[in-house]
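Data from entry35.cif: mmCIF, C-alpha atoms
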```cif
data_model
#
loop_
_atom_site.group_PDB
_atom_site.id
_atom_site.type_symbol
_atom_site.label_atom_id
_atom_site.label_comp_id
_atom_site.auth_asym_id
_atom_site.auth_seq_id
_atom_site.Cartn_x
_atom_site.Cartn_y
_atom_site.Cartn_z
ATOM 1 C CA MET F 1 23.756 -16.671 3.898
ATOM 2 C CA LYS F 2 23.400 -13.766 6.335
ATOM 3 C CA ILE F 3 21.140 -10.906 5.254
ATOM 4 C CA SER F 4 21.081 -7.614 7.160
ATOM 5 C CA PHE F 5 17.619 -6.063 7.284
ATOM 6 C CA THR F 6 15.572 -3.315 8.904
ATOM 7 C CA LYS F 7 11.996 -3.846 10.059
ATOM 8 C CA MET F 8 9.819 -0.741 9.579
ATOM 9 C CA GLN F 9 6.126 0.058 9.710
ATOM 10 C CA GLY F 10 3.720 2.694 8.496
ATOM 11 C CA ILE F 11 0.673 2.638 10.801
ATOM 12 C CA GLY F 12 1.016 -1.105 11.255
ATOM 13 C CA ASN F 13 1.717 -2.015 7.617
ATOM 14 C CA ASP F 14 5.072 -3.667 8.324
ATOM 15 C CA TYR F 15 7.727 -4.648 5.804
ATOM 16 C CA ILE F 16 11.288 -5.921 5.867
ATOM 17 C CA TYR F 17 13.664 -3.440 4.187
ATOM 18 C CA LEU F 18 16.934 -4.304 2.470
ATOM 19 C CA ASN F 19 19.574 -1.788 1.395
ATOM 20 C CA CYS F 20 20.310 -2.946 -2.165
ATOM 21 C CA PHE F 21 22.587 -0.099 -3.279
ATOM 22 C CA HIS F 22 25.364 -2.665 -3.596
ATOM 23 C CA GLY F 23 23.284 -5.373 -5.223
ATOM 24 C CA GLU F 24 19.909 -7.110 -5.001
ATOM 25 C CA PRO F 25 19.284 -10.632 -3.687
ATOM 26 C CA GLU F 26 19.227 -13.268 -6.401
ATOM 27 C CA ASN F 27 15.609 -14.305 -5.807
ATOM 28 C CA PRO F 28 13.736 -11.634 -3.838
ATOM 29 C CA ALA F 29 10.371 -13.361 -4.347
ATOM 30 C CA ALA F 30 11.608 -16.505 -2.595
ATOM 31 C CA LEU F 31 13.230 -14.382 0.109
ATOM 32 C CA ALA F 32 9.921 -12.597 0.734
ATOM 33 C CA VAL F 33 8.171 -15.950 1.138
ATOM 34 C CA ALA F 34 10.876 -17.132 3.549
ATOM 35 C CA MET F 35 11.016 -14.004 5.737
ATOM 36 C CA SER F 36 7.346 -12.960 5.877
ATOM 37 C CA PRO F 37 5.622 -15.755 7.869
ATOM 38 C CA ARG F 38 4.735 -14.616 11.372
ATOM 39 C CA HIS F 39 5.689 -16.906 14.266
ATOM 40 C CA PHE F 40 7.988 -18.942 11.984
ATOM 41 C CA SER F 41 10.273 -16.218 10.590
ATOM 42 C CA VAL F 42 10.856 -12.465 10.856
ATOM 43 C CA GLY F 43 7.191 -11.786 10.110
ATOM 44 C CA SER F 44 5.884 -9.014 7.867
ATOM 45 C CA ASP F 45 3.464 -8.010 5.132
ATOM 46 C CA GLY F 46 6.309 -8.454 2.667
ATOM 47 C CA LEU F 47 9.782 -7.421 1.548
ATOM 48 C CA VAL F 48 10.990 -4.047 0.215
ATOM 49 C CA LEU F 49 14.214 -3.525 -1.706
ATOM 50 C CA ILE F 50 15.752 -0.015 -1.637
ATOM 51 C CA CYS F 51 17.771 0.224 -4.841
ATOM 52 C CA PRO F 52 19.676 2.826 -6.858
ATOM 53 C CA SER F 53 17.798 4.541 -9.681
ATOM 54 C CA GLY F 54 18.863 6.233 -12.864
ATOM 55 C CA VAL F 55 15.774 8.472 -12.917
ATOM 56 C CA ALA F 56 15.073 9.242 -9.229
ATOM 57 C CA ASP F 57 16.784 9.469 -5.847
ATOM 58 C CA ALA F 58 16.123 5.769 -5.275
ATOM 59 C CA LYS F 59 14.006 2.886 -6.515
ATOM 60 C CA MET F 60 11.595 0.814 -4.448
ATOM 61 C CA ARG F 61 10.745 -2.789 -5.271
ATOM 62 C CA MET F 62 8.167 -4.451 -3.054
ATOM 63 C CA PHE F 63 7.165 -8.084 -2.754
ATOM 64 C CA ASN F 64 4.045 -9.328 -1.008
ATOM 65 C CA ALA F 65 4.178 -12.092 1.575
ATOM 66 C CA ASP F 66 3.321 -14.665 -1.102
ATOM 67 C CA GLY F 67 6.268 -13.577 -3.269
ATOM 68 C CA SER F 68 4.264 -11.655 -5.870
ATOM 69 C CA GLU F 69 5.782 -8.306 -6.832
ATOM 70 C CA GLY F 70 3.557 -5.300 -6.241
ATOM 71 C CA LYS F 71 3.644 -2.069 -8.179
ATOM 72 C CA MET F 72 3.324 0.333 -5.271
ATOM 73 C CA CYS F 73 2.748 0.553 -1.519
ATOM 74 C CA GLY F 74 1.963 3.905 0.058
ATOM 75 C CA ASN F 75 2.944 2.953 3.600
ATOM 76 C CA ALA F 76 6.161 1.300 2.437
ATOM 77 C CA ILE F 77 7.295 4.242 0.344
ATOM 78 C CA ARG F 78 7.066 6.538 3.383
ATOM 79 C CA CYS F 79 9.403 4.160 5.210
ATOM 80 C CA VAL F 80 11.770 4.176 2.231
ATOM 81 C CA GLY F 81 12.021 7.962 2.556
ATOM 82 C CA LYS F 82 12.720 7.658 6.276
ATOM 83 C CA TYR F 83 15.344 4.947 5.694
ATOM 84 C CA LEU F 84 17.235 7.054 3.154
ATOM 85 C CA TYR F 85 17.259 10.166 5.340
ATOM 86 C CA ASP F 86 17.854 8.545 8.729
ATOM 87 C CA ASN F 87 20.746 6.465 7.360
ATOM 88 C CA ARG F 88 22.341 9.585 5.855
ATOM 89 C CA MET F 89 21.950 8.308 2.313
ATOM 90 C CA THR F 90 20.464 11.697 1.471
ATOM 91 C CA GLU F 91 20.250 15.105 3.105
ATOM 92 C CA LYS F 92 17.223 16.157 1.070
ATOM 93 C CA THR F 93 13.719 16.413 2.487
ATOM 94 C CA GLU F 94 12.180 16.454 -0.984
ATOM 95 C CA LEU F 95 12.775 13.082 -2.654
ATOM 96 C CA THR F 96 11.733 11.173 -5.742
ATOM 97 C CA ILE F 97 11.288 7.407 -5.605
ATOM 98 C CA GLU F 98 10.992 5.186 -8.676
ATOM 99 C CA THR F 99 8.296 2.476 -8.484
ATOM 100 C CA LEU F 100 6.582 0.171 -10.962
ATOM 101 C CA SER F 101 3.675 2.622 -10.974
ATOM 102 C CA GLY F 102 5.854 5.629 -11.760
ATOM 103 C CA ILE F 103 8.020 8.141 -9.918
ATOM 104 C CA LYS F 104 6.534 9.363 -6.626
ATOM 105 C CA LYS F 105 7.435 12.628 -4.885
ATOM 106 C CA LEU F 106 8.004 12.618 -1.123
ATOM 107 C CA THR F 107 8.160 15.437 1.421
ATOM 108 C CA LEU F 108 9.886 14.415 4.662
ATOM 109 C CA PHE F 109 8.973 15.960 8.017
ATOM 110 C CA THR F 110 11.726 15.615 10.627
ATOM 111 C CA GLU F 111 11.984 15.768 14.422
ATOM 112 C CA ASN F 112 15.346 15.737 16.212
ATOM 113 C CA GLY F 113 17.212 14.743 13.071
ATOM 114 C CA THR F 114 15.030 11.810 12.021
ATOM 115 C CA VAL F 115 11.927 11.516 9.861
ATOM 116 C CA SER F 116 8.630 11.304 11.771
ATOM 117 C CA SER F 117 6.117 11.536 8.943
ATOM 118 C CA VAL F 118 6.041 11.769 5.165
ATOM 119 C CA LYS F 119 3.724 13.310 2.583
ATOM 120 C CA VAL F 120 3.552 11.447 -0.706
ATOM 121 C CA ASP F 121 2.232 12.740 -4.014
ATOM 122 C CA MET F 122 0.595 9.492 -5.078
ATOM 123 C CA GLY F 123 -0.224 10.713 -8.583
ATOM 124 C CA LYS F 124 -3.694 10.698 -10.082
ATOM 125 C CA TYR F 125 -6.346 8.109 -9.468
ATOM 126 C CA ASP F 126 -7.715 6.393 -12.559
ATOM 127 C CA LEU F 127 -11.158 4.864 -13.101
ATOM 128 C CA THR F 128 -10.434 3.585 -16.616
ATOM 129 C CA PRO F 129 -11.172 -0.170 -16.724
ATOM 130 C CA ALA F 130 -7.974 -0.910 -18.658
ATOM 131 C CA ALA F 131 -5.874 0.846 -16.003
ATOM 132 C CA LEU F 132 -6.813 -1.540 -13.210
ATOM 133 C CA PRO F 133 -7.485 -3.820 -15.149
ATOM 134 C CA VAL F 134 -11.144 -4.784 -14.700
ATOM 135 C CA LEU F 135 -13.324 -6.503 -17.275
ATOM 136 C CA SER F 136 -15.948 -3.832 -17.783
ATOM 137 C CA ASP F 137 -17.132 -1.753 -20.722
ATOM 138 C CA ARG F 138 -17.467 1.357 -18.535
ATOM 139 C CA GLU F 139 -16.079 2.886 -15.361
ATOM 140 C CA MET F 140 -17.137 0.795 -12.383
ATOM 141 C CA ILE F 141 -18.692 3.294 -9.963
ATOM 142 C CA ASP F 142 -21.016 1.926 -7.257
ATOM 143 C CA SER F 143 -21.622 -1.066 -9.513
ATOM 144 C CA PRO F 144 -23.430 -4.211 -8.295
ATOM 145 C CA VAL F 145 -21.203 -7.302 -8.162
ATOM 146 C CA MET F 146 -22.098 -10.749 -6.825
ATOM 147 C CA VAL F 147 -19.538 -12.105 -4.363
ATOM 148 C CA GLY F 148 -20.113 -15.386 -2.525
ATOM 149 C CA GLY F 149 -23.819 -15.329 -3.317
ATOM 150 C CA ARG F 150 -24.361 -11.766 -2.046
ATOM 151 C CA GLU F 151 -24.566 -8.500 -3.959
ATOM 152 C CA TYR F 152 -22.049 -5.783 -3.102
ATOM 153 C CA ARG F 153 -21.584 -2.396 -4.735
ATOM 154 C CA LEU F 154 -18.011 -1.721 -5.805
ATOM 155 C CA THR F 155 -16.089 1.255 -7.143
ATOM 156 C CA ALA F 156 -12.948 0.218 -9.030
ATOM 157 C CA VAL F 157 -9.993 2.609 -8.710
ATOM 158 C CA SER F 158 -6.392 2.358 -9.881
ATOM 159 C CA MET F 159 -3.686 3.987 -7.772
ATOM 160 C CA GLY F 160 -1.009 2.326 -9.885
ATOM 161 C CA ASN F 161 -2.414 -0.927 -8.498
ATOM 162 C CA PRO F 162 -6.018 -2.210 -8.573
ATOM 163 C CA HIS F 163 -8.562 -1.471 -5.836
ATOM 164 C CA ALA F 164 -12.219 -2.297 -5.324
ATOM 165 C CA VAL F 165 -13.859 -0.005 -2.754
ATOM 166 C CA CYS F 166 -17.011 -1.193 -0.999
ATOM 167 C CA PHE F 167 -18.993 1.211 1.192
ATOM 168 C CA LEU F 168 -20.925 -0.527 3.963
ATOM 169 C CA PRO F 169 -22.894 0.593 7.044
ATOM 170 C CA GLU F 170 -20.582 -1.447 9.324
ATOM 171 C CA VAL F 171 -17.137 -2.988 8.817
ATOM 172 C CA GLY F 172 -15.894 -3.962 12.278
ATOM 173 C CA MET F 173 -17.652 -7.323 12.382
ATOM 174 C CA LEU F 174 -16.829 -8.409 8.828
ATOM 175 C CA GLU F 175 -15.195 -11.831 8.616
ATOM 176 C CA LEU F 176 -12.523 -10.846 6.113
ATOM 177 C CA GLU F 177 -10.698 -14.165 6.428
ATOM 178 C CA LYS F 178 -13.780 -15.775 4.886
ATOM 179 C CA ILE F 179 -14.851 -13.219 2.297
ATOM 180 C CA GLY F 180 -11.512 -11.570 1.471
ATOM 181 C CA PRO F 181 -10.243 -14.293 -0.888
ATOM 182 C CA ASP F 182 -13.505 -14.193 -2.856
ATOM 183 C CA PHE F 183 -13.053 -10.469 -3.489
ATOM 184 C CA GLU F 184 -9.349 -10.784 -4.244
ATOM 185 C CA ASN F 185 -9.971 -13.443 -6.878
ATOM 186 C CA LEU F 186 -13.063 -12.042 -8.568
ATOM 187 C CA PRO F 187 -12.900 -13.130 -12.248
ATOM 188 C CA ILE F 188 -13.574 -9.559 -13.428
ATOM 189 C CA PHE F 189 -10.139 -8.578 -12.036
ATOM 190 C CA PRO F 190 -7.673 -10.656 -14.104
ATOM 191 C CA GLU F 191 -4.673 -9.544 -11.988
ATOM 192 C CA ARG F 192 -6.573 -9.914 -8.683
ATOM 193 C CA VAL F 193 -7.579 -6.890 -6.635
ATOM 194 C CA ASN F 194 -7.093 -5.170 -3.271
ATOM 195 C CA THR F 195 -10.438 -4.616 -1.562
ATOM 196 C CA GLU F 196 -11.344 -1.825 0.864
ATOM 197 C CA PHE F 197 -14.386 -2.155 3.132
ATOM 198 C CA VAL F 198 -15.371 1.322 4.252
ATOM 199 C CA ARG F 199 -17.790 2.985 6.679
ATOM 200 C CA VAL F 200 -18.500 6.697 6.276
ATOM 201 C CA ILE F 201 -18.404 8.310 9.715
ATOM 202 C CA ASP F 202 -18.868 11.845 8.384
ATOM 203 C CA GLN F 203 -17.809 13.905 5.354
ATOM 204 C CA THR F 204 -14.188 14.101 6.505
ATOM 205 C CA THR F 205 -13.759 10.805 8.388
ATOM 206 C CA LEU F 206 -13.779 7.242 7.071
ATOM 207 C CA GLU F 207 -13.211 3.884 8.750
ATOM 208 C CA MET F 208 -11.513 1.295 6.548
ATOM 209 C CA ARG F 209 -10.434 -2.317 6.604
ATOM 210 C CA VAL F 210 -8.436 -3.770 3.746
ATOM 211 C CA TRP F 211 -7.829 -7.162 2.185
ATOM 212 C CA GLU F 212 -4.614 -6.934 0.163
ATOM 213 C CA ARG F 213 -3.937 -9.274 -2.709
ATOM 214 C CA GLY F 214 -1.091 -11.574 -1.789
ATOM 215 C CA SER F 215 -1.050 -10.586 1.896
ATOM 216 C CA GLY F 216 -4.583 -10.930 3.298
ATOM 217 C CA GLU F 217 -5.933 -8.442 5.819
ATOM 218 C CA THR F 218 -3.304 -5.902 6.804
ATOM 219 C CA TYR F 219 -3.280 -3.189 9.452
ATOM 220 C CA ALA F 220 -3.129 -0.491 6.802
ATOM 221 C CA CYS F 221 -2.804 0.143 3.079
ATOM 222 C CA GLY F 222 -1.688 3.540 1.802
ATOM 223 C CA THR F 223 -2.785 3.102 -1.806
ATOM 224 C CA GLY F 224 -6.021 1.606 -0.480
ATOM 225 C CA ALA F 225 -6.695 4.683 1.645
ATOM 226 C CA CYS F 226 -6.051 6.861 -1.417
ATOM 227 C CA ALA F 227 -8.374 4.736 -3.538
ATOM 228 C CA THR F 228 -11.007 4.876 -0.793
ATOM 229 C CA VAL F 229 -11.027 8.682 -0.563
ATOM 230 C CA SER F 230 -11.027 8.934 -4.363
ATOM 231 C CA ALA F 231 -14.039 6.618 -4.498
ATOM 232 C CA ALA F 232 -15.748 8.596 -1.737
ATOM 233 C CA VAL F 233 -15.276 11.822 -3.703
ATOM 234 C CA VAL F 234 -16.496 10.226 -6.934
ATOM 235 C CA ASN F 235 -19.600 8.897 -5.140
ATOM 236 C CA GLY F 236 -20.309 12.260 -3.503
ATOM 237 C CA LEU F 237 -19.624 11.018 0.029
ATOM 238 C CA CYS F 238 -16.632 13.289 0.744
ATOM 239 C CA PRO F 239 -15.580 16.658 -0.711
ATOM 240 C CA ALA F 240 -12.583 17.132 -2.989
ATOM 241 C CA ASP F 241 -9.665 19.409 -2.030
ATOM 242 C CA THR F 242 -10.169 18.583 1.657
ATOM 243 C CA ASP F 243 -8.081 16.585 4.130
ATOM 244 C CA ILE F 244 -9.950 13.362 4.870
ATOM 245 C CA THR F 245 -8.997 11.230 7.885
ATOM 246 C CA VAL F 246 -8.946 7.503 7.132
ATOM 247 C CA ARG F 247 -8.992 5.350 10.261
ATOM 248 C CA LEU F 248 -7.346 1.963 9.818
ATOM 249 C CA ILE F 249 -6.518 -0.798 12.289
ATOM 250 C CA GLY F 250 -2.929 0.467 12.533
ATOM 251 C CA GLY F 251 -3.675 4.182 12.804
ATOM 252 C CA GLU F 252 -4.750 7.164 10.728
ATOM 253 C CA LEU F 253 -3.787 8.620 7.371
ATOM 254 C CA LYS F 254 -4.608 12.062 6.012
ATOM 255 C CA ILE F 255 -5.683 11.876 2.376
ATOM 256 C CA ARG F 256 -6.477 14.795 0.085
ATOM 257 C CA CYS F 257 -8.099 14.114 -3.278
ATOM 258 C CA CYS F 258 -7.600 17.187 -5.440
ATOM 259 C CA SER F 259 -9.929 18.411 -8.157
ATOM 260 C CA ASP F 260 -7.411 17.384 -10.836
ATOM 261 C CA ARG F 261 -7.518 13.796 -9.444
ATOM 262 C CA THR F 262 -4.084 14.082 -7.805
ATOM 263 C CA VAL F 263 -4.035 12.317 -4.430
ATOM 264 C CA LEU F 264 -1.802 13.378 -1.507
ATOM 265 C CA MET F 265 -1.161 11.071 1.454
ATOM 266 C CA THR F 266 0.437 12.007 4.787
ATOM 267 C CA GLY F 267 1.281 9.519 7.510
ATOM 268 C CA LYS F 268 3.874 8.302 9.988
ATOM 269 C CA ALA F 269 6.870 6.068 9.303
ATOM 270 C CA LYS F 270 8.685 4.201 12.068
ATOM 271 C CA LYS F 271 11.693 1.948 12.429
ATOM 272 C CA ILE F 272 11.074 -1.113 14.600
ATOM 273 C CA TYR F 273 14.456 -2.836 14.715
ATOM 274 C CA GLU F 274 17.448 -4.058 12.736
ATOM 275 C CA GLY F 275 18.561 -7.654 12.448
ATOM 276 C CA VAL F 276 20.457 -10.318 10.542
ATOM 277 C CA TYR F 277 18.576 -13.193 8.922
ATOM 278 C CA ASP F 278 20.186 -16.575 8.323
ATOM 279 C CA TYR F 279 18.817 -17.466 4.895
ATOM 280 C CA GLU F 280 19.004 -20.962 3.540
ATOM 281 C CA PRO F 281 17.444 -21.055 0.050
ATOM 282 C CA GLU F 282 15.449 -24.182 -0.621
ATOM 283 C CA ALA F 283 17.086 -26.522 -3.104
ATOM 284 C CA GLU F 284 15.316 -26.629 -6.443
#
```

Could you quickly redo this structure as structure tokens?
Amino acid sequence: MKISFTKMQGIGNDYIYLNCFHGEPENPAALAVAMSPRHFSVGSDGLVLICPSGVADAKMRMFNADGSEGKMCGNAIRCVGKYLYDNRMTEKTELTIETLSGIKKLTLFTENGTVSSVKVDMGKYDLTPAALPVLSDREMIDSPVMVGGREYRLTAVSMGNPHAVCFLPEVGMLELEKIGPDFENLPIFPERVNTEFVRVIDQTTLEMRVWERGSGETYACGTGACATVSAAVVNGLCPADTDITVRLIGGELKIRCCSDRTVLMTGKAKKIYEGVYDYEPEAE
């Protein structure tokens, strides 16, 4: 089976995109597992399906590299907006995209007829334990949690998917391959959790590394950057209603956490290449 795809990235968070306006693959989870391994396949952080929607301009479904379906990906949704506009599937620069965490509003910024960057209204952050979910009888804000025999202080934030934000004096030397799985699979997060390790450079600049559930360490995470700035505002480390620069391995995002808890994210979206994948589903 030959599958046409487009490889795209948002500050290094790279996904494989399929135009599914004429039908979705039969088993997208298995396809994500087949196409995502680096060195042995196309290589990516996962698979994104761009589908028709009855309530928005399009619908995004995203699958992590391990085949699990995610609710939302901030970097991926910017690329969805670029794909729709650059492929002349829309002429609008104000779009709505349906996701499992609700309908998101996009503003597209164009240069020479193609999209260069996208602002996304990510909705409101939520600290309610049931929203993540996290097993806690109160909001988890700078709360002590034992991980691998060491105490860390975590702030749990939902951006439509679960995040645990950990502020540390240094993040560059962290061995995420060793500690990341312990955070991801903390028993207090029954659906696993994305974890952000963050250094505060100043009131408007943060450095962040992220361990994403189902994908491991990635170059960037849009919802993670939003959760990080939200946590920084809640903990009094950054001001609300101000553009905060989040520096990730793959580049920078501008995040604004508004006083009403709405979070706005602006970042680049780039096409890498197009290709055709020869898919041979494994026999059951």

Inset, instruction - Determine the residue membership of the PyMOL selection byres ((chain F and resi 84) around 12) for the file above and supply it as JSON, numbers by chain. - result: {"F": [6, 17, 18, 19, 20, 21, 50, 51, 52, 57, 58, 59, 60, 77, 78, 79, 80, 81, 82, 83, 85, 86, 87, 88, 89, 90, 91, 92, 93, 94, 95, 96, 97, 106, 108, 114, 115, 271]}

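Note that the spacing between atom CA of F:Leu132 and atom CA of F:Leu100 amounts to 13.7 Å.
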
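Considering the residues F:Asn112, F:Ser215, F:Thr223, F:Asn27 and counting all atoms listed in the file, F:Val165 has its shortest atom-to-atom contact with F:Thr223.
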
Legend entry - Within 10 Å of F:Asp278 using all atoms listed in the file, minus same-chain residues under 4 positions, as a PyMOL selection string: chain F and resi 1-4+35

Legend entry - Atomic distance atom CA of F:Val33 - atom CA of F:Thr218, expressed in Å with one decimal: 16.3 Å

Inset, instruction - Would you list the contacts of stretch 224-237 of chain F as a PyMOL selection string, taking every protein, DNA or RNA residue within 8 Å and counting only C-alpha atoms, but skipping same-chain residues closer than 4 positions in sequence? - result: chain F and resi 125+141-142+155-159+163+165+194-196+198+200+203+208+210+244+246+253+255-257+261+263-265

Legend entry - Pairwise distance for atom CA of F:Asn75 and atom CA of F:Val118, rounded to one decimal in Å: 9.5 Å

Inset, instruction - Fewer than 2 positions away in the same chain doesn't count, so skip those; otherwise give me all residues within 12 Å of F:Asn185, counting only C-alpha atoms, as a ChimeraX atom specification. - result: /F:134,147-148,164,179-183,187-195,211-214,216

Inset, instruction - Find, counting only C-alpha atoms, the residue in F:Asp137, F:Glu207, F:Gly43, F:Ala130 that gets nearest to F:Cys166. - result: F:Glu207

Legend entry - Selection under test: the PyMOL selection byres ((chain F and resi 47) around 10); residues as an MDAnalysis selection string: chainID F and resid 5 7 14:18 28:29 31:36 43:46 48:49 61:65 67 69 76

Just write the chosen residues, C-alpha atoms, as a compact mmCIF listing (two decimals), keeping the file's coordinate frame.
```
# COMPACT_ATOMS: atom_id res chain seq x y z
CA PHE F 5 17.62 -6.06 7.28
CA LYS F 7 12.00 -3.85 10.06
CA ASP F 14 5.07 -3.67 8.32
CA TYR F 15 7.73 -4.65 5.80
CA ILE F 16 11.29 -5.92 5.87
CA TYR F 17 13.66 -3.44 4.19
CA LEU F 18 16.93 -4.30 2.47
CA PRO F 28 13.74 -11.63 -3.84
CA ALA F 29 10.37 -13.36 -4.35
CA LEU F 31 13.23 -14.38 0.11
CA ALA F 32 9.92 -12.60 0.73
CA VAL F 33 8.17 -15.95 1.14
CA ALA F 34 10.88 -17.13 3.55
CA MET F 35 11.02 -14.00 5.74
CA SER F 36 7.35 -12.96 5.88
CA GLY F 43 7.19 -11.79 10.11
CA SER F 44 5.88 -9.01 7.87
CA ASP F 45 3.46 -8.01 5.13
CA GLY F 46 6.31 -8.45 2.67
CA VAL F 48 10.99 -4.05 0.22
CA LEU F 49 14.21 -3.52 -1.71
CA ARG F 61 10.74 -2.79 -5.27
CA MET F 62 8.17 -4.45 -3.05
CA PHE F 63 7.16 -8.08 -2.75
CA ASN F 64 4.04 -9.33 -1.01
CA ALA F 65 4.18 -12.09 1.58
CA GLY F 67 6.27 -13.58 -3.27
CA GLU F 69 5.78 -8.31 -6.83
CA ALA F 76 6.16 1.30 2.44
```

Legend entry - Matched chain/residue IDs from the PyMOL selection byres ((chain F and resi 153) around 7), as a PyMOL selection string: chain F and resi 142-145+151-152+154+166

Could those residues be written to a file, using C-alpha atoms, as a PDB file, keeping the file's coordinate frame?
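Resulting contents of selection-v7.pdb:
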```
ATOM      1  CA  ASP F 142     -21.016   1.926  -7.257  1.00  0.00           C
ATOM      2  CA  SER F 143     -21.622  -1.066  -9.513  1.00  0.00           C
ATOM      3  CA  PRO F 144     -23.430  -4.211  -8.295  1.00  0.00           C
ATOM      4  CA  VAL F 145     -21.203  -7.302  -8.162  1.00  0.00           C
ATOM      5  CA  GLU F 151     -24.566  -8.500  -3.959  1.00  0.00           C
ATOM      6  CA  TYR F 152     -22.049  -5.783  -3.102  1.00  0.00           C
ATOM      7  CA  LEU F 154     -18.011  -1.721  -5.805  1.00  0.00           C
ATOM      8  CA  CYS F 166     -17.011  -1.193  -0.999  1.00  0.00           C
TER       9      CYS F 166
END
```

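Distances here use only C-alpha atoms; by that measure, the residue among F:Gly172, F:Gly10, F:Gly222, F:Pro239 closest to F:Arg209 is F:Gly172.
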
Legend entry - Pick from F:Tyr273, F:Leu127, F:Leu135, F:Gly160 nearest to F:Cys73, counting all atoms listed in the file: F:Gly160

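Ranking F:Lys124, F:Lys178, F:Arg199, F:Arg247 by their shortest atom-to-atom distance to F:Asp260, with all atoms listed in the file included, puts F:Lys124 first.
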
Reconstruct N, CA and C atoms of stretch 151-163 of chain F from the incomplete input and present them as a compact mmCIF listing (two decimals), keeping the file's coordinate frame.
```
# COMPACT_ATOMS: atom_id res chain seq x y z
N GLU F 151 -24.87 -9.66 -3.12
CA GLU F 151 -24.57 -8.50 -3.96
C GLU F 151 -23.88 -7.40 -3.13
N TYR F 152 -22.76 -6.93 -3.66
CA TYR F 152 -22.05 -5.78 -3.10
C TYR F 152 -21.95 -4.72 -4.19
N ARG F 153 -21.77 -3.48 -3.78
CA ARG F 153 -21.58 -2.40 -4.74
C ARG F 153 -20.14 -1.92 -4.65
N LEU F 154 -19.44 -2.00 -5.78
CA LEU F 154 -18.01 -1.72 -5.80
C LEU F 154 -17.69 -0.54 -6.71
N THR F 155 -16.68 0.22 -6.30
CA THR F 155 -16.09 1.25 -7.14
C THR F 155 -14.64 0.86 -7.39
N ALA F 156 -14.28 0.70 -8.67
CA ALA F 156 -12.95 0.22 -9.03
C ALA F 156 -12.04 1.41 -9.33
N VAL F 157 -10.92 1.48 -8.60
CA VAL F 157 -9.99 2.61 -8.71
C VAL F 157 -8.57 2.09 -8.85
N SER F 158 -7.82 2.66 -9.78
CA SER F 158 -6.39 2.36 -9.88
C SER F 158 -5.59 3.47 -9.23
N MET F 159 -4.68 3.07 -8.32
CA MET F 159 -3.69 3.99 -7.77
C MET F 159 -2.30 3.50 -8.19
N GLY F 160 -2.21 3.00 -9.43
CA GLY F 160 -1.01 2.33 -9.88
C GLY F 160 -1.10 0.85 -9.60
N ASN F 161 -2.04 0.46 -8.75
CA ASN F 161 -2.41 -0.93 -8.50
C ASN F 161 -3.94 -0.98 -8.35
N PRO F 162 -4.55 -2.14 -8.50
CA PRO F 162 -6.02 -2.21 -8.57
C PRO F 162 -6.70 -2.27 -7.22
N HIS F 163 -7.78 -1.50 -7.07
CA HIS F 163 -8.56 -1.47 -5.84
C HIS F 163 -10.05 -1.54 -6.14
```
